[in-house]
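Report on the following structure.
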Amino acid sequence: MFLIFGIFVAVFLSLLLLIKKKKSPADKILVVWLIFISVLQILRYFLETGYFFEHPHWLGIGLSLPVLHGVLLYFYVIEITGNTIKRKSTIFLHFIPSIALTLLAIPFYKLTGAQKIAVYQNNGEGFEWYVMLEGLLVIISGLTYSIWSLIIINKHQKNIKDRFSNTDKKELHWLKCLSIGNGIIYILSLFFENNVTYTAIVILVLFIGFFGINQLKIFYSNTDTVDTSEKDFTTENQRVNTTEIPKKNSSKEKYAKSGLNEDMASEIYTALKDFMEESSCYKNQELTLIELSKSLKVHPNHLSQVINEMEGKNFYNYINSLRINEFIKIASKAENKKFTMISLAYDCGFNTKSTFNKHFKLQTGKTPTEFFKS
């Protein structure tokens, strides 16, 4: 029952993604991942129902596939976080375990149908070494890629605060939970029977489908791409590697090669403050570092460095602190008492109540109600 339900869900979600218009590269990887899960579920169903024993030439067809599950998770995380695999030639390395398992299974594939059935019915008799090796590779691979994906997501969550003033739907909390859940499934397979694992896989598929299909594209080449070279940033067309963006709370050595001296930094900082006061661009809910740097005609990395060093904040916290200051200013006026606090907060650039409350308390130490009462 769990297998059949899981198969239909995975196939249905795959079809939804296939007919989705303007699929991003991440969507395409997600389609492949869901189809892959569908295939694994179907193969397992045929094995459990005995279909493969009626057609023994199919036995063992999916022996090397489970080890690829973690690889597809990793590729999806890489793509959706805006990273790139620096050396395309290294992509092949991720498939070595699966290729090795396929080659090592050749002696099994050469067996007759009756011999294959005997091996399966006797818990891998004669191929105990392969069963153990395959189990170890699947567990190690699954846990390794889950942990690796978590590391990438954590870096992403830090880096986007240097680039976006609004991180809602960009922090990928769901993908973090998915990576953790993926690792848990491999742990469960060590201690529980197949039914528990099947249930967990169905939940995982539902999780992938619901959040993956609804995940908005985070990085756009026309507005949010950073050229980290010293060329004029206005000509940038390259895709972003988020690991190259300056990070909050790191040492000054990270700016040693930025080419920005004190005079330049002071000039940029003055221009930044003047522009913010004149334009109030922080009220733009989707303001990004790239947009602001283009308005100031400075390199985005230089602007990020100036904000980090002069304000002691990343771009995200800097813009939201300006929004809080503006909110306090307009909410203090008698003529604005007729408006709700959250409507005023939206006018200042916030797009969710939770984000507004978080930054207000972070900056003032009080909730909006407590602040104005005092």
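We name chains A, B, ... following the order of the structure tokens; residues begin at 1 in each chain, and ligands are numbered from 1 as shown.
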
Problem set entry | Ala100 (chain A) environment, 10 Å, only C-alpha atoms, sequence neighbours closer than 5 positions dropped, as number ranges by chain | A: 64, 95, 105, 134

For this session: Would you list, as number ranges by chain, the residues of region 11-46 of chain A that end up in helix (DSSP H, G or I) under DSSP run on this structure's backbone?
Result: A: 11-18, 25-46

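In this comparison, which uses only C-alpha atoms, the residue of A:Val306, A:Val131, A:Leu73, A:Leu3 approaching Leu40 (chain A) most closely is A:Leu3.
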
Exercise. Which neighbours of Phe53 (chain A) fall inside 7 Å, counting only C-alpha atoms, when residues of the same chain fewer than 3 positions from it are skipped, and could you give them as JSON, numbers by chain?
Worked result: {"A": [50, 56, 117]}

For this session: Determine, counting only C-alpha atoms, which protein, DNA and RNA residues have an atom within 9 Å of an atom of Leu178 (chain A); residues of the same chain fewer than 6 positions away are not included. Present the result as a PyMOL selection string.
Result: chain A and resi 146+204+207-208

Could you write out the selected residues, including C-alpha atoms, as a short mmCIF file (atom, residue, chain, number, x, y, z; two decimals), in the first residue's frame?
data_model
loop_
_atom_site.label_atom_id
_atom_site.label_comp_id
_atom_site.auth_asym_id
_atom_site.auth_seq_id
_atom_site.Cartn_x
_atom_site.Cartn_y
_atom_site.Cartn_z
CA SER A 146 22.83 14.85 3.34
CA LEU A 204 9.80 12.67 1.73
CA PHE A 207 7.69 17.13 1.06
CA ILE A 208 9.81 17.41 -2.10
#

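If you measure from each of A:Asn166, A:Asn336, A:Ser141, A:Thr84 to Ile96 (chain A) using only C-alpha atoms, the closest one turns out to be A:Ser141.
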
Exercise. At what distance in Å, to one decimal, does CA of Thr167 (chain A) lie from CA of Leu72 (chain A)?
Worked result: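 Those two atoms sit 25.2 Å apart.
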
For this session: Measure the distance from CA of Phe2 (chain A) to CA of Leu63 (chain A) in Å and round it to one decimal.
Result: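 These atoms are spaced 20.9 Å apart.
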
Seminar exercise, completed: Between A:Leu59, A:Ala26, A:Ile42, A:Leu362, smallest distance to Val9 (chain A) by only C-alpha atoms belongs to A:Ile42

Exercise. Can you tell me, as a list of chain:residue names, what residues are no more than 8 Å from Ile147 (chain A) when counting only C-alpha atoms, ignoring any on the same chain fewer than 3 positions away?
Worked result: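 After dropping sequence-adjacent residues, the list is A:Leu143, A:Thr144, A:Leu150, A:Ile151, A:Ser179, A:Ile180, A:Gly183.
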
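Distances here use only C-alpha atoms; by that measure, the residue among A:Gly181, A:Leu93, A:Ile187, A:Lys116 closest to Glu54 (chain A) is A:Lys116.
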
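Computed from the coordinates, the CA of Thr197 (chain A) to CA of Tyr74 (chain A) distance equals 20.7 Å.
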